[in-house]
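Text of work_4.txt (compact mmCIF, C-alpha atoms) as supplied:
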# COMPACT_ATOMS: atom_id res chain seq x y z
CA MET G 1 40.60 69.51 259.36
CA SER G 2 41.21 73.22 259.11
CA THR G 3 38.50 75.68 259.93
CA PHE G 4 38.13 78.70 257.72
CA LYS G 5 35.64 81.33 258.80
CA ILE G 6 34.52 84.07 256.46
CA ASN G 7 33.37 87.19 258.21
CA LYS G 8 29.81 88.08 257.16
CA TYR G 9 30.69 91.77 257.09
CA TYR G 10 33.57 91.05 254.74
CA ILE G 11 31.18 89.32 252.31
CA CYS G 12 28.78 92.29 252.35
CA ILE G 13 31.59 94.77 251.68
CA VAL G 14 33.06 92.66 248.86
CA LEU G 15 29.63 92.28 247.24
CA PHE G 16 29.05 96.02 247.55
CA PHE G 17 32.27 96.91 245.76
CA LYS G 18 31.86 94.15 243.14
CA ILE G 19 28.41 95.45 242.18
CA ASN G 20 29.73 99.03 242.10
CA ASN G 21 32.55 97.95 239.77
CA LEU G 22 30.18 95.86 237.63
CA TYR G 23 28.00 98.85 236.83
CA ASN G 24 30.94 101.31 236.65
CA PHE G 25 29.79 103.57 239.45
CA ASN G 26 32.45 106.21 240.00
CA GLU G 27 31.40 107.01 243.54
CA ILE G 28 30.49 104.85 246.48
CA MET G 29 26.77 105.08 247.01
CA ILE G 30 25.97 105.26 250.69
CA GLU G 31 22.31 104.54 249.94
CA VAL G 32 23.17 101.19 248.38
CA LEU G 33 25.29 100.26 251.38
CA ILE G 34 22.36 101.06 253.67
CA TYR G 35 20.05 98.95 251.48
CA TYR G 36 22.52 96.07 251.73
CA ILE G 37 22.44 96.38 255.51
CA HIS G 38 18.64 96.13 255.35
CA ILE G 39 18.76 93.07 253.10
CA ALA G 40 21.25 91.35 255.41
CA GLY G 41 19.07 92.23 258.42
CA ALA G 42 15.94 90.90 256.71
CA LEU G 43 17.72 87.65 255.86
CA TYR G 44 18.92 87.30 259.45
CA ALA G 45 15.42 87.98 260.81
CA TYR G 46 13.86 85.50 258.39
CA THR G 47 16.37 82.79 259.23
CA LYS G 48 16.13 83.26 262.99
CA SER G 49 12.32 83.41 262.99
CA TRP G 50 12.09 80.43 260.66
CA GLN G 51 14.44 78.32 262.82
CA ASN G 52 12.63 79.22 266.05
CA GLY G 53 9.16 78.90 264.54
CA THR G 54 7.79 78.22 261.08
CA VAL G 55 8.23 79.62 257.58
CA LYS G 56 5.20 81.82 258.25
CA ASP G 57 7.04 83.42 261.18
CA GLY G 58 10.02 84.14 258.94
CA VAL G 59 7.85 85.78 256.29
CA MET G 60 6.09 87.84 258.97
CA ALA G 61 9.47 89.03 260.28
CA VAL G 62 10.53 90.19 256.79
CA LEU G 63 7.18 91.92 256.25
CA MET G 64 7.49 93.65 259.63
CA ILE G 65 10.95 94.93 258.72
CA GLY G 66 9.68 96.09 255.32
CA LEU G 67 6.74 97.89 256.90
CA PHE G 68 8.97 99.59 259.46
CA PHE G 69 11.37 100.62 256.66
CA ALA G 70 8.64 102.01 254.39
CA ILE G 71 6.85 104.01 257.08
CA GLY G 72 10.09 105.14 258.68
CA TRP G 73 11.61 106.31 255.41
CA ALA G 74 8.47 108.29 254.59
CA LEU G 75 8.68 110.06 257.96
CA THR G 76 12.44 110.64 258.00
CA GLY G 77 12.41 111.72 254.34
CA THR G 78 10.03 114.52 255.19
CA VAL G 79 12.12 115.58 258.18
CA ALA G 80 15.35 115.42 256.16
CA ARG G 81 13.97 117.63 253.39
CA ILE G 82 12.96 120.23 255.97
CA VAL G 83 16.21 120.14 257.99
CA TYR G 84 18.91 119.37 255.38
CA PRO G 85 19.95 122.44 253.32
CA ASP G 86 20.15 122.09 249.53
CA ALA G 87 23.59 123.68 249.53
CA TRP G 88 25.00 120.63 251.35
CA ASN G 89 23.97 118.15 248.63
CA SER G 90 26.88 116.37 246.97
CA ILE G 91 27.33 113.26 244.88
CA TYR G 92 28.07 111.30 248.05
CA PHE G 93 25.54 112.62 250.54
CA THR G 94 22.07 113.95 249.71
CA ASP G 95 18.89 114.52 251.68
CA ASP G 96 17.81 110.94 250.87
CA THR G 97 21.07 109.64 252.33
CA PHE G 98 20.49 111.79 255.40
CA SER G 99 16.97 110.39 255.82
CA LEU G 100 18.26 106.81 255.55
CA VAL G 101 20.95 107.50 258.14
CA ILE G 102 18.34 109.01 260.47
CA LEU G 103 16.13 105.95 259.88
CA LEU G 104 18.96 103.53 260.60
CA ILE G 105 19.19 104.66 264.23
CA PRO G 106 15.69 103.57 265.38
CA GLU G 107 15.86 100.52 263.11
CA ILE G 108 18.99 99.28 264.90
CA TYR G 109 17.18 99.65 268.24
CA PHE G 110 14.09 97.89 266.83
CA PHE G 111 16.13 95.09 265.26
CA TYR G 112 18.16 94.52 268.41
CA HIS G 113 15.12 94.19 270.66
CA PHE G 114 13.06 92.02 268.33
CA PHE G 115 15.63 89.73 266.72
CA ILE G 116 19.01 89.76 268.46
CA LYS G 117 18.22 90.00 272.16
CA THR G 118 17.17 86.67 273.57
CA ARG G 119 14.08 86.66 275.73
CA THR G 120 13.56 84.50 278.77
CA LEU G 121 10.26 83.46 280.27
CA SER G 122 11.31 84.29 283.82
CA GLY G 123 11.78 87.98 282.98
CA GLN G 124 15.51 88.08 283.70

Output the file's structure as C-alpha cells, nothing else.
Amino acid sequence: MSTFKINKYYICIVLFFKINNLYNFNEIMIEVLIYYIHIAGALYAYTKSWQNGTVKDGVMAVLMIGLFFAIGWALTGTVARIVYPDAWNSIYFTDDTFSLVILLIPEIYFFYHFFIKTRTLSGQ
C-alpha cells in the first residue's frame, strides 16, 4: 500500500490558478488569494470545532471568523485609505489589497490562539 499525501497548500494554489484561468484574468489577484486563505481557515475552524464539540460549535466558529473579518476589514479599510497614497495604486496592489494584508496580521494571531494552539486544563 503506497501512501500519497497531497499538500493542502498545493491544492489551494492550484485551485487559485485554475479559477483565474477559467475566467481569463490576466493578472493574479492578491485579494482573491487572501479570500481563499480565509475560506480555508474557516473550513479548518469549522472542522476542528465540530470534531471537538458539536455542529453548533463549528457554525459558531465560522460566524466568529466572519464577524472578525467584517469588522476588521471595515477598520483596516479606513486606515488604508488614509495611509496608502493613490499614486501607488496598480493593477496588482490597491488600497483594498493593503487593507486585507493589514487585516491578515491580527487574524493570524487570532486564528492561532483560538483554533491551532491546543489548550490544557492544567495551565501549562

Calculate, to one decimal in Å, the centre and edge lengths of the box along x, y and z of the file that holds all listed atoms of segment 81-98 of chain G with 5 Å of margin on each side, and present them as AutoDock Vina command-line options.
--center_x 20.5 --center_y 116.7 --center_z 251.4 --size_x 25.1 --size_y 24.0 --size_z 23.1

Problem - Contacts of Ser49 of chain G at 9 Å (only C-alpha atoms; same-chain gap of 6+ positions) as number ranges by chain - result: G: 55-61, 115

Handout entry: Separation of atom CA of His113 of chain G from atom CA of Ser99 of chain G, in Å and rounded to one decimal
Key =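 Separation between atom CA of His113 of chain G and atom CA of Ser99 of chain G: 22.0 Å.
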
Exercise for the section: Using all atoms listed in the file, determine which residues lie at most 9 Å from Leu103 of chain G, disregarding the query and same-chain residues fewer than 4 positions distant; provide the list as a ChimeraX atom specification. Expected result: /G:69,72-73,75-77,98-99,107-108

Problem - Two-atom distance - atom CA of Leu100 of chain G, atom CA of Tyr46 of chain G (Å) - result: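 Computing the Euclidean distance for atom CA of Leu100 of chain G and atom CA of Tyr46 of chain G yields 21.9 Å.
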